[in-house]
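Visitor: There's a structure below that I have some questions on.
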Number of protein chains: 2
Amino acid sequence: MDTRTEIIAVGSELLLGQIVNSNAQFLSEQLAEMGINVYYHTVVGDNAGRLKEAIEVAQKRSNVIIFTGGLGPTKDDLTKETIANVLGKKLVYDEEALASIEQYFIRTKRTMSENNKKQALVLDGAHILKNDFGMAPGMAVEVEQKIYMLLPGPPSEMKPMFQNYSSKYFIQTLGIQEKIISRVLRYFGIGESQLETDIQDIIDEQLNPTVAPLAANGEVTLRLTAKHTDEMVANQMLDEVEQKINQRVGEFFYGYENTTLVEELFKLLIGKNKTLSAAESLTGGMFSEYMTGIDGASKVFKGSIITYTNEVKANILGVSEKTLETYGAVSSQCAKEMADQVRKMANSDIGVSFTGVAGPNSLEGHPVGTVYIGISAEGTDTQTFKFNFTGTRNGIRIRTVKYGCHHLIKLLSQIE
Amino acid sequence: MDTRTEIIAVGSELLLGQIVNSNAQFLSEQLAEMGINVYYHTVVGDNAGRLKEAIEVAQKRSNVIIFTGGLGPTKDDLTKETIANVLGKKLVYDEEALASIEQYFIRTKRTMSENNKKQALVLDGAHILKNDFGMAPGMAVEVEQKIYMLLPGPPSEMKPMFQNYSSKYFIQTLGIQEKIISRVLRYFGIGESQLETDIQDIIDEQLNPTVAPLAANGEVTLRLTAKHTDEMVANQMLDEVEQKINQRVGEFFYGYENTTLVEELFKLLIGKNKTLSAAESLTGGMFSEYMTGIDGASKVFKGSIITYTNEVKANILGVSEKTLETYGAVSSQCAKEMADQVRKMANSDIGVSFTGVAGPNSLEGHPVGTVYIGISAEGTDTQTFKFNFTGTRNGIRIRTVKYGCHHLIKLLSQIE
C-alpha cells in the first residue's frame with residue numbers, strides 16, 4: 001500500500017497556542033523510520049462541525065489518518081463520536097477497558113463519575129490499542145481501504161501506545177518489507193562542531209547508511225540509518241560505519257540509543273559489584289535523582305547528603321570547619337572531604353561529591369560556573385576535577401552531574 | 001470581519017519530525033490575544049502540488065491564511081511561487097529588499113549567488129513586512145476578501161516580524177478594538193473530571209469570559225478568557241468568574257499562570273521566614289532537586305538526606321532499628337521519624353519526608369504506589385499522610401513530590 005498519511009490533532013488548546021503539537025513531531029519521526037510517508041498535519045479544535053470537515057478533507061487526500069486527542073472523559077472530547085458519525089459506525093463499550101477504568105477508581109479509592117465510563121467506548125469492530133498509562137484505549141479501523149487510528153492526546157499515554165501497539169499494527173496491516181534500521185551512537189565530552197569536523201568526510205560520502213549528527217544537552221549523538229530488505233545486512237552496514245567513526249572519536253563514545261550516562265554508570269556499578277553514595281551541594285539532589293530514577297538503583301546506590309548550607313556540610317557531613325574557613329566550600333579540598341566523608345558515612349565503595357557555583361550570583365569570590373567534583377574510592381587517592389562552565393543555572397547543574405557520571409565511568413572502567 | 005484563521009506551515013522537515021511546529025504555537029498565542037480566531041493548523045511539505053491543494057482547502061474554510069516557511073533562496077522554497085500561481089498574481093522584485101540583500105553580502109564580504117536575489121521577489125501589490133533579522137521579507141495581500149500573509153520559517157526571523165509588523169497590519173486591516181485578557185488558575189489534588197463536574201454549570205453558562213479546563217502532570221488548570229474594549233472591565237469580569245469558581249473548588253487552588261507548587265512553597269517559606277530540610281527515600285532527591293532549582297533556595301532550604309537503603313536510614317538519619325524492624329521503611333512510623341530526625345539534624349524549622357514504593361516491584365509486602373509523607377514542625381504534632389498512587393515509577397515519584405509541596409503549603413498557610 002502506497003501510504004499517504006495525515007496526522008490530525010484535535011484540541012482547542014493547540015489552536016490557542018497553549019501547547020505545541022509535539023505529538024505530530026513524535027509520530028512523524030516514528031512513521032518516517034518505518035518508511036510510512038506523512039504528507040499532512042492538521043490541527044482542529046474541539047468542535048464537531050469543523051472536525052467533521054477536517055476528516056472529509058483528509059479522506060480525499062490521505063489513506064492513513066491518525067488522530068491524537070479528544071478521547072478523554074469531558075464533553076469537549078468528541079473525536080470518537082465525530083469519527084463514528086462520519087464513518088456510520090456505532091460506539092460500543094470495550095469490556096476490558098471498562099474493567100480497567102473501574103479498577104483504577106477502586107485502587108485509588110476515588111469515586112468514578114459517569115463521564116469516565118465514556119472513555120471505554122470504542123468504534124464497533126475496531127482493533128483495540130491498549131493504554132498502559134491512562135484510561136482511554138486507542139483503536140484502529142479499516143474502512144474502504146483507509147486506515148483510521150485514534151490515539152490519546154497526553155504524550156505520556158500516546159507515545160508508549162504507539163511504540164508498543166500501533167507500530168505493530170502498521171507493520172502487519174501495511175505489510176512493510178524494506179527494513180529501515182537506525183542506530184544512535186552517543187558521545188560526551190566533545191563538542192558537536194569538533195565531532196563533525198573529525199568525521200566530515202564520512203558524513204559526506206555516506207548515502208546508505210546515512211549519518212546525522214544532533215547536539216542536545218551537552219551531548220552529541222549520531223544517528224546511522226540503513227535501508228535493506230534483509231535486516232542482517234542492514235545491521236552489518238551499520239556495524240561498518242560505526243567502526244569507521246569510532247576509530248576516530250571512540251574515546252568520547254559511551255553508549256547506544258536512548259541510554260544515558262547515568263544508566264551506563266549504573267550498569268558498570270552492577271557489573272563490578274560496587275556501591276556508591278553522593279554528597280551534593282550545587283547540584284542539590286540532581287545526581288541522586290538521576291541515579292534513583294533507574295529501576296533497581298537500590299542495589300548499588302546507598303544514598304546521599306545534600307548540603308545546601310555550610311552548616312549542613314559541617315554538622316551532618318562532617319567537613320572540617322578548618323577546610324570551610326581556609327579554602328571555602330568552592331574548593332578542591334572541600335570536594336575531596338565531601339567525597340571521603342559520604343563514602344565512609346554511607347559505608348559505600350565509592351563516594352562522589354559536587355560543589356561549586358550554579359548562579360545566578362558568584363560565591364566566595366568564584367564566578368558562576370566554577371565547579372569541583374570529587375571521587376573517593378577505597379585503595380586509591382581521592383581525585384578532584386575542576387570545571388569552568390558557562391550557561392544557565394540549570395544548564396550548569398546538568399553539566400556538573402554529567403561530568404560526574406563521565407569520570408565515575410572512567411574510574412569503574414579501569415577497575416578489574 | 002469575523003475571522004477564521006488558518007496557519008499553513010510549509011516544510012518537509014516538519015513532516016519528517018525533525019522539528020516541532022513551534023511557529024504555529026507562537027502565532028496562535030499571539031492571535032488569540034488579539035481576538036483573532038484560529039480554526040486550523042496545516043503542515044505540508046516542500047511540494048508544489050500538495051501545497052496548491054492545501055491552499056485550495058484553506059480558501060474554502062478560512063478567510064485569513066498565514067503561511068510560514070518556504071521563502072528562502074533554495075529550490076525547495078516554493079511558497080511564494082505557488083501562492084502567486086493560485087492567486088494569478090505576478091512576482092516582482094521589491095527594491096528595498098533587494099538593496100538590503102546586496103548590502104548584507106557586501107557587509108559580510110561574501111559573494112551573492114543568483115538564487116539569493118529570489119528572496120527579494122514579492123507578490124505584486126503586496127504590503128511588505130520587513131525582515132529585521134534575515135533576508136526574505138514577509139508580505140500580505142488581500143484578494144477577494146481573504147487575507148494571505150507570508151512569513152519566513154526561522155522563528156528568529158518570524159517572531160519579531162510578527163510582533164513588529166504583522167500585528168499592526170492585522171489591527172489596521174481588521175479594525176481590532178476589543179482586548180482579550182486571559183488568566184490561568186492552577187489546581188492540585190483534584191482530578192480533571194471531578195473539577196469539571198463541580199463547575200460544569202459555570203463552564204456551560206459562560207460565553208464571556210470563557211472557561212477552559214486542561215489537565216497535565218497530575219494538575220488541572222482553568223484558562224479564563226474575557227473580551228472587552230476596556231481592559232479594566234475585562235479584568236473585573238475575570239475576577240468575578242474566578243471568585244465564583246473558587247467558592248466551590250478553592251481548597252485545591254494554588255496559583256496563577258505558570259507558577260509551580262514548589263515555587264509557591266518557596267514564596268511561603270520566604271514570607272513566613274521558615275527553613276526546610278528533607279529526608280527522601282523513594283523520591284531519591286527529586287524534592288531537593290526541585291527546591292534547589294529555584295534561585296535563592298539556599299535562603300530557606302538547608303539540605304537533605306537521601307536514604308536509599310535501610311542502612312542509611314538507620315546509620316546516617318538515625319531512624320530507630322526498632323521502627324524499621326517492627327513497621328518497616330514503608331510505614332507512617334518511619335515517615336514520622338524521618339521527618340523529625342532530618343529537622344533536628346539540619347536544625348531547620350520544618351522537616352519533610354518521603355518513603356514508599358516507586359516500583360516496579362513491591363516492597364515489604366506493600367504494592368507499588370504505596371507512599372507515606374511526613375511533615376515535622378516545631379510546636380505541632382508531626383503529621384503523616386498515606387497515598388495509593390498508580391502509574392509509572394517516575395509518575396509516582398513526581399506525584400509524591402507534588403503532594404509533599406501541597407501539604408507543606410497547607411501547613412505554612414496556617415502559620416502566622
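Chain labels A, B, ... are given in the sequence in which chains occur in the C-alpha cells; within each chain residues are numbered consecutively from 1, and ligands are likewise numbered from 1 in the order shown.
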What does the Cα RMSD come to when chain A is optimally superposed on chain B over every C-alpha atom in order?
Guide: 6.1 Å
Visitor: Tell me, as a ChimeraX atom specification, which residues lie within 10 Å of region 22-33 of chain B, counting only C-alpha atoms; anything in the same chain fewer than 5 positions away does not count.
Guide: /A:13-22,43 /B:5-9,38-43,66-69,151-155,158-159,162-163,167,170,178-182,225,227
Visitor: Out of region 113-202 of chain B, which residues get strand (DSSP E) from DSSP, as a list in words?
Guide: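 Reading the DSSP output for region 113-202 of chain B, strand (DSSP E) covers Leu121, Val122, Leu123, His127, Ile128, Leu129, Gly138, Met139, Ala140, Val141, Glu142, Val143, Lys146, Ile147, Tyr148, Met149, Leu150, Leu151, Lys179, Ile180, Ile181, Ser182, Arg183, Val184, Leu185, Arg186, Tyr187 and Phe188 of chain B.
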Visitor: Store the residues picked out above, limited to N, CA, C and O atoms, as a tab-separated table (two decimals), in the first residue's frame.
Guide:
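out.tsv written:
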```tsv
chain	number	residue	atom	x	y	z
B	121	LEU	N	11.88	38.69	-4.26
B	121	LEU	CA	10.65	38.63	-5.06
B	121	LEU	C	9.43	38.65	-4.14
B	121	LEU	O	9.40	37.93	-3.14
B	122	VAL	N	8.45	39.51	-4.49
B	122	VAL	CA	7.23	39.57	-3.67
B	122	VAL	C	6.00	39.52	-4.58
B	122	VAL	O	6.09	39.78	-5.79
B	123	LEU	N	4.86	39.20	-4.00
B	123	LEU	CA	3.61	39.19	-4.76
B	123	LEU	C	3.29	40.61	-5.18
B	123	LEU	O	3.37	41.54	-4.38
B	127	HIS	N	1.54	44.18	0.63
B	127	HIS	CA	2.05	45.01	1.72
B	127	HIS	C	3.29	44.30	2.27
B	127	HIS	O	3.22	43.13	2.66
B	128	ILE	N	4.45	44.98	2.27
B	128	ILE	CA	5.70	44.31	2.66
B	128	ILE	C	5.90	44.36	4.17
B	128	ILE	O	5.70	45.39	4.80
B	129	LEU	N	6.30	43.22	4.74
B	129	LEU	CA	6.64	43.13	6.17
B	129	LEU	C	8.15	43.00	6.25
B	129	LEU	O	8.72	42.02	5.77
B	138	GLY	N	8.63	39.42	4.59
B	138	GLY	CA	7.29	38.85	4.62
B	138	GLY	C	6.37	39.73	3.80
B	138	GLY	O	6.77	40.77	3.28
B	139	MET	N	5.11	39.30	3.66
B	139	MET	CA	4.17	40.12	2.88
B	139	MET	C	2.75	39.71	3.19
B	139	MET	O	2.50	38.63	3.74
B	140	ALA	N	1.81	40.62	2.84
B	140	ALA	CA	0.38	40.32	3.00
B	140	ALA	C	-0.36	40.88	1.80
B	140	ALA	O	-0.07	41.98	1.35
B	141	VAL	N	-1.30	40.10	1.29
B	141	VAL	CA	-2.17	40.60	0.22
B	141	VAL	C	-3.62	40.26	0.56
B	141	VAL	O	-3.90	39.27	1.24
B	142	GLU	N	-4.51	41.12	0.08
B	142	GLU	CA	-5.93	40.85	0.27
B	142	GLU	C	-6.52	40.57	-1.10
B	142	GLU	O	-6.40	41.38	-2.02
B	143	VAL	N	-7.11	39.39	-1.27
B	143	VAL	CA	-7.70	39.02	-2.56
B	143	VAL	C	-9.08	38.44	-2.27
B	143	VAL	O	-9.22	37.48	-1.50
B	146	LYS	N	-10.14	37.83	1.31
B	146	LYS	CA	-9.31	36.93	2.11
B	146	LYS	C	-7.93	37.55	2.24
B	146	LYS	O	-7.41	38.12	1.28
B	147	ILE	N	-7.36	37.40	3.46
B	147	ILE	CA	-6.00	37.89	3.67
B	147	ILE	C	-5.03	36.73	3.55
B	147	ILE	O	-5.24	35.67	4.17
B	148	TYR	N	-3.97	36.92	2.76
B	148	TYR	CA	-2.90	35.93	2.65
B	148	TYR	C	-1.65	36.58	3.22
B	148	TYR	O	-1.23	37.62	2.72
B	149	MET	N	-1.07	35.99	4.28
B	149	MET	CA	0.15	36.56	4.85
B	149	MET	C	1.25	35.52	4.76
B	149	MET	O	1.07	34.37	5.14
B	150	LEU	N	2.42	35.95	4.28
B	150	LEU	CA	3.56	35.03	4.14
B	150	LEU	C	4.65	35.45	5.11
B	150	LEU	O	5.11	36.60	5.08
B	151	LEU	N	5.08	34.53	5.97
B	151	LEU	CA	6.13	34.81	6.95
B	151	LEU	C	7.27	33.82	6.77
B	151	LEU	O	7.05	32.69	6.33
B	179	LYS	N	-10.07	44.06	23.52
B	179	LYS	CA	-8.93	43.44	24.18
B	179	LYS	C	-9.33	42.05	24.68
B	179	LYS	O	-10.43	41.86	25.17
B	180	ILE	N	-8.39	41.13	24.54
B	180	ILE	CA	-8.64	39.77	25.02
B	180	ILE	C	-7.69	39.53	26.19
B	180	ILE	O	-6.48	39.59	26.01
B	181	ILE	N	-8.23	39.28	27.36
B	181	ILE	CA	-7.39	39.09	28.54
B	181	ILE	C	-7.60	37.67	29.06
B	181	ILE	O	-8.73	37.24	29.25
B	182	SER	N	-6.48	36.97	29.26
B	182	SER	CA	-6.55	35.60	29.76
B	182	SER	C	-5.98	35.51	31.17
B	182	SER	O	-5.11	36.30	31.54
B	183	ARG	N	-6.46	34.55	31.92
B	183	ARG	CA	-5.90	34.28	33.25
B	183	ARG	C	-5.94	32.77	33.46
B	183	ARG	O	-6.95	32.14	33.20
B	184	VAL	N	-4.83	32.21	33.93
B	184	VAL	CA	-4.78	30.77	34.18
B	184	VAL	C	-4.83	30.52	35.69
B	184	VAL	O	-4.05	31.11	36.44
B	185	LEU	N	-5.76	29.68	36.12
B	185	LEU	CA	-5.86	29.27	37.53
B	185	LEU	C	-5.36	27.84	37.65
B	185	LEU	O	-5.73	27.00	36.84
B	186	ARG	N	-4.55	27.58	38.66
B	186	ARG	CA	-3.95	26.24	38.81
B	186	ARG	C	-4.49	25.51	40.03
B	186	ARG	O	-4.58	26.08	41.11
B	187	TYR	N	-4.80	24.23	39.85
B	187	TYR	CA	-5.37	23.41	40.92
B	187	TYR	C	-4.56	22.14	41.10
B	187	TYR	O	-4.04	21.57	40.14
B	188	PHE	N	-4.46	21.69	42.34
B	188	PHE	CA	-3.78	20.42	42.62
B	188	PHE	C	-4.57	19.65	43.67
B	188	PHE	O	-5.12	20.24	44.60
```
Visitor: Just the residues within 10 Å of Glu263 (chain A), please, counting only C-alpha atoms, with nothing from its chain fewer than 4 positions along; format it as a PyMOL selection string.
Guide: chain A and resi 255+258-259+267-269+290-291+293-295+297+405
Visitor: Create the file for the chosen residues now, containing C-alpha atoms and written as a PDB file, in the first residue's frame.
Guide:
```pdb
ATOM      1  CA  GLY A 255      26.540   4.093  24.564  1.00  0.00           C
ATOM      2  CA  ASN A 258      18.414   6.224  24.457  1.00  0.00           C
ATOM      3  CA  THR A 259      20.882   5.242  27.127  1.00  0.00           C
ATOM      4  CA  LYS A 267      25.399  -0.925  34.597  1.00  0.00           C
ATOM      5  CA  LEU A 268      29.085  -0.621  35.462  1.00  0.00           C
ATOM      6  CA  LEU A 269      28.360  -0.476  39.204  1.00  0.00           C
ATOM      7  CA  TYR A 290      19.005  10.694  38.192  1.00  0.00           C
ATOM      8  CA  MET A 291      20.547   7.615  39.867  1.00  0.00           C
ATOM      9  CA  GLY A 293      15.330   7.164  38.536  1.00  0.00           C
ATOM     10  CA  ILE A 294      16.723   3.795  37.426  1.00  0.00           C
ATOM     11  CA  ASP A 295      14.877   0.576  38.361  1.00  0.00           C
ATOM     12  CA  ALA A 297      19.146   1.623  41.859  1.00  0.00           C
ATOM     13  CA  CYS A 405      28.991  10.307  35.670  1.00  0.00           C
TER      14      CYS A 405
END
```
Visitor: Neighbours of Asn388 (chain B) within 9 Å (only C-alpha atoms; same-chain residues fewer than 2 positions away dropped), as an NGL selection string?
Guide: (:A and (107-109)) or (:B and (367-371 or 386 or 390))
Visitor: Enter the distance from CA of Glu196 (chain A) to CA of Asp76 (chain B), in Å, rounded to one decimal.
Guide: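 Atom-to-atom, CA of Glu196 (chain A) and CA of Asp76 (chain B) are spaced 25.0 Å apart.
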Visitor: May I ask for the distance between CA of Ser62 (chain B) and CA of Val92 (chain B), given in Å to one decimal place?
Guide: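 Straight-line distance from CA of Ser62 (chain B) to CA of Val92 (chain B) works out to 26.5 Å.
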Visitor: Rank B:Gly72, B:Pro160, B:Gly395, B:Gly303 by their smallest atom-to-atom distance to chain A, using only C-alpha atoms, and report the top residue only.
Guide: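 Comparing B:Gly72, B:Pro160, B:Gly395, B:Gly303 against chain A, the winner is B:Gly303.
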Visitor: Excluding Val342 (chain A) and its own-chain neighbours fewer than 3 positions away, which residues fall within 9 Å of it when counting only C-alpha atoms? Please give them as JSON, numbers by chain.
Guide: {"A": [277, 278, 279, 304, 305, 317, 318, 337, 338, 339, 345, 346, 347, 348, 350, 351, 352, 353]}
Visitor: Store the residues of this selection in a file with C-alpha atoms, as an mmCIF file, in the first residue's frame.
Guide:
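To be explicit, this is the file written out as part10.cif:
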```cif
data_model
loop_
_atom_site.group_PDB
_atom_site.id
_atom_site.type_symbol
_atom_site.label_atom_id
_atom_site.label_comp_id
_atom_site.auth_asym_id
_atom_site.auth_seq_id
_atom_site.Cartn_x
_atom_site.Cartn_y
_atom_site.Cartn_z
ATOM 1 C CA SER A 277 26.964 7.367 47.646
ATOM 2 C CA ALA A 278 26.943 11.105 46.914
ATOM 3 C CA ALA A 279 27.425 14.460 48.617
ATOM 4 C CA SER A 304 23.399 10.863 49.717
ATOM 5 C CA ILE A 305 23.662 14.005 51.751
ATOM 6 C CA LEU A 317 28.520 15.551 56.543
ATOM 7 C CA GLY A 318 31.449 16.344 58.854
ATOM 8 C CA GLU A 337 36.438 15.878 52.079
ATOM 9 C CA MET A 338 32.819 15.693 50.942
ATOM 10 C CA ALA A 339 33.533 12.629 48.786
ATOM 11 C CA MET A 345 29.271 7.521 56.439
ATOM 12 C CA ALA A 346 27.250 5.560 53.894
ATOM 13 C CA ASN A 347 29.689 2.653 54.018
ATOM 14 C CA SER A 348 29.919 2.531 50.217
ATOM 15 C CA ILE A 350 32.773 4.902 46.092
ATOM 16 C CA GLY A 351 31.761 8.421 47.111
ATOM 17 C CA VAL A 352 31.214 11.286 44.665
ATOM 18 C CA SER A 353 30.839 14.972 45.530
#
```
Visitor: Considering only C-alpha atoms, state which residue in the set B:Val57, B:Lys75, B:Gln119, B:Gly175 is at the smallest distance from Gly35 (chain B).
Guide: B:Gly175
Visitor: For a test of reading the model, state the distance in Å between CA of Leu276 (chain B) and CA of Arg343 (chain A), rounded to one decimal.
Guide: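 CA of Arg343 (chain A) lies at a distance of 25.0 Å from CA of Leu276 (chain B).
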Visitor: Would you list the contacts of region 357-364 of chain B as an MDAnalysis selection string, taking every protein, DNA or RNA residue within 12 Å and counting only C-alpha atoms, but skipping same-chain residues closer than 3 positions in sequence?
Guide: (chainID A and resid 292:298) or (chainID B and resid 281:284 308 310 324:331 354 367:373 386:401)
Visitor: Any chance you can output those residues with N, CA and C atoms as a compact mmCIF listing (two decimals), in the first residue's frame?
Guide:
```txt
# COMPACT_ATOMS: atom_id res chain seq x y z
N THR A 292 18.50 7.40 41.16
CA THR A 292 17.36 6.65 41.69
C THR A 292 16.20 6.61 40.71
N GLY A 293 16.34 7.29 39.59
CA GLY A 293 15.33 7.16 38.54
C GLY A 293 15.41 5.81 37.84
N ILE A 294 16.51 5.10 38.08
CA ILE A 294 16.72 3.79 37.43
C ILE A 294 16.15 2.68 38.29
N ASP A 295 15.38 1.78 37.67
CA ASP A 295 14.88 0.58 38.36
C ASP A 295 16.05 -0.19 38.96
N GLY A 296 15.94 -0.51 40.22
CA GLY A 296 16.98 -1.34 40.82
C GLY A 296 18.16 -0.55 41.34
N ALA A 297 18.04 0.78 41.39
CA ALA A 297 19.15 1.62 41.86
C ALA A 297 19.58 1.25 43.28
N SER A 298 18.64 0.76 44.08
CA SER A 298 18.99 0.49 45.49
C SER A 298 20.03 -0.62 45.63
N SER B 281 13.32 9.02 50.54
CA SER B 281 13.63 7.64 50.20
C SER B 281 13.17 7.37 48.76
N LEU B 282 11.91 7.08 48.53
CA LEU B 282 11.51 6.70 47.16
C LEU B 282 11.73 7.82 46.15
N THR B 283 11.69 9.09 46.58
CA THR B 283 11.85 10.20 45.64
C THR B 283 13.33 10.44 45.31
N GLY B 284 14.23 9.87 46.11
CA GLY B 284 15.64 9.82 45.76
C GLY B 284 16.32 11.14 45.45
N TYR B 308 18.56 5.73 50.60
CA TYR B 308 18.05 4.77 49.63
C TYR B 308 18.19 3.33 50.12
N ASN B 310 17.97 0.92 54.01
CA ASN B 310 17.63 0.98 55.44
C ASN B 310 18.86 1.26 56.28
N LEU B 324 12.25 0.27 62.06
CA LEU B 324 12.47 -0.41 60.78
C LEU B 324 12.12 -1.89 60.87
N GLU B 325 12.41 -2.50 62.04
CA GLU B 325 12.09 -3.93 62.20
C GLU B 325 10.59 -4.16 62.39
N THR B 326 9.97 -3.34 63.25
CA THR B 326 8.55 -3.57 63.59
C THR B 326 7.61 -3.13 62.48
N TYR B 327 7.82 -1.92 61.97
CA TYR B 327 6.87 -1.37 61.00
C TYR B 327 7.39 -1.37 59.56
N GLY B 328 8.71 -1.43 59.42
CA GLY B 328 9.29 -1.38 58.08
C GLY B 328 9.52 0.05 57.62
N ALA B 329 10.21 0.17 56.48
CA ALA B 329 10.52 1.50 55.94
C ALA B 329 9.30 2.15 55.33
N VAL B 330 8.37 1.31 54.83
CA VAL B 330 7.16 1.84 54.21
C VAL B 330 6.07 1.88 55.27
N SER B 331 6.11 2.90 56.12
CA SER B 331 5.17 2.99 57.23
C SER B 331 5.07 4.44 57.67
N PHE B 354 9.76 11.51 52.67
CA PHE B 354 9.06 10.73 51.64
C PHE B 354 9.56 9.29 51.71
N PRO B 367 2.13 -2.83 47.92
CA PRO B 367 2.09 -2.71 46.46
C PRO B 367 2.75 -1.42 45.97
N VAL B 368 3.16 -1.44 44.70
CA VAL B 368 3.72 -0.25 44.06
C VAL B 368 2.73 0.91 44.21
N GLY B 369 3.24 2.07 44.58
CA GLY B 369 2.38 3.24 44.71
C GLY B 369 2.00 3.57 46.14
N THR B 370 2.34 2.68 47.08
CA THR B 370 2.10 2.97 48.49
C THR B 370 3.13 4.00 48.95
N VAL B 371 2.68 5.14 49.42
CA VAL B 371 3.59 6.23 49.77
C VAL B 371 3.18 6.87 51.09
N TYR B 372 4.17 7.17 51.92
CA TYR B 372 3.94 7.94 53.13
C TYR B 372 4.75 9.24 53.08
N ILE B 373 4.10 10.33 53.47
CA ILE B 373 4.78 11.62 53.57
C ILE B 373 4.68 12.06 55.03
N LYS B 386 -0.91 9.15 53.96
CA LYS B 386 -0.72 7.92 53.18
C LYS B 386 -1.39 8.05 51.81
N PHE B 387 -0.76 7.52 50.78
CA PHE B 387 -1.32 7.58 49.43
C PHE B 387 -1.22 6.21 48.74
N ASN B 388 -2.13 5.97 47.81
CA ASN B 388 -2.02 4.80 46.93
C ASN B 388 -2.01 5.32 45.50
N PHE B 389 -0.84 5.56 44.99
CA PHE B 389 -0.74 6.11 43.64
C PHE B 389 -0.70 4.99 42.60
N THR B 390 -1.04 5.34 41.36
CA THR B 390 -0.84 4.41 40.25
C THR B 390 0.03 5.12 39.23
N GLY B 391 0.50 4.36 38.26
CA GLY B 391 1.29 4.98 37.19
C GLY B 391 2.70 4.44 37.14
N THR B 392 3.53 5.11 36.38
CA THR B 392 4.92 4.68 36.21
C THR B 392 5.72 5.05 37.44
N ARG B 393 6.91 4.46 37.53
CA ARG B 393 7.84 4.76 38.60
C ARG B 393 8.07 6.27 38.70
N ASN B 394 8.32 6.90 37.58
CA ASN B 394 8.60 8.32 37.61
C ASN B 394 7.35 9.14 37.94
N GLY B 395 6.22 8.70 37.40
CA GLY B 395 4.95 9.37 37.70
C GLY B 395 4.64 9.34 39.18
N ILE B 396 4.89 8.21 39.82
CA ILE B 396 4.65 8.07 41.26
C ILE B 396 5.58 9.00 42.04
N ARG B 397 6.84 9.07 41.62
CA ARG B 397 7.79 9.95 42.31
C ARG B 397 7.36 11.42 42.17
N ILE B 398 6.94 11.81 40.98
CA ILE B 398 6.54 13.20 40.76
C ILE B 398 5.30 13.53 41.59
N ARG B 399 4.33 12.63 41.58
CA ARG B 399 3.11 12.89 42.36
C ARG B 399 3.44 12.99 43.85
N THR B 400 4.37 12.14 44.32
CA THR B 400 4.76 12.18 45.73
C THR B 400 5.33 13.55 46.08
N VAL B 401 6.24 14.05 45.24
CA VAL B 401 6.85 15.36 45.50
C VAL B 401 5.78 16.46 45.48
```
Visitor: Have a look at B:Asp230, B:Glu251, B:Asp94, B:Asp204 and name the one nearest to chain A; count only C-alpha atoms.
Guide: B:Asp204
Visitor: Compare A:Glu157, A:Glu114, A:Glu378, A:Glu192 by their minimum atom-to-atom distance to Met135 (chain A), counting only C-alpha atoms, and give me the closest one.
Guide: A:Glu157
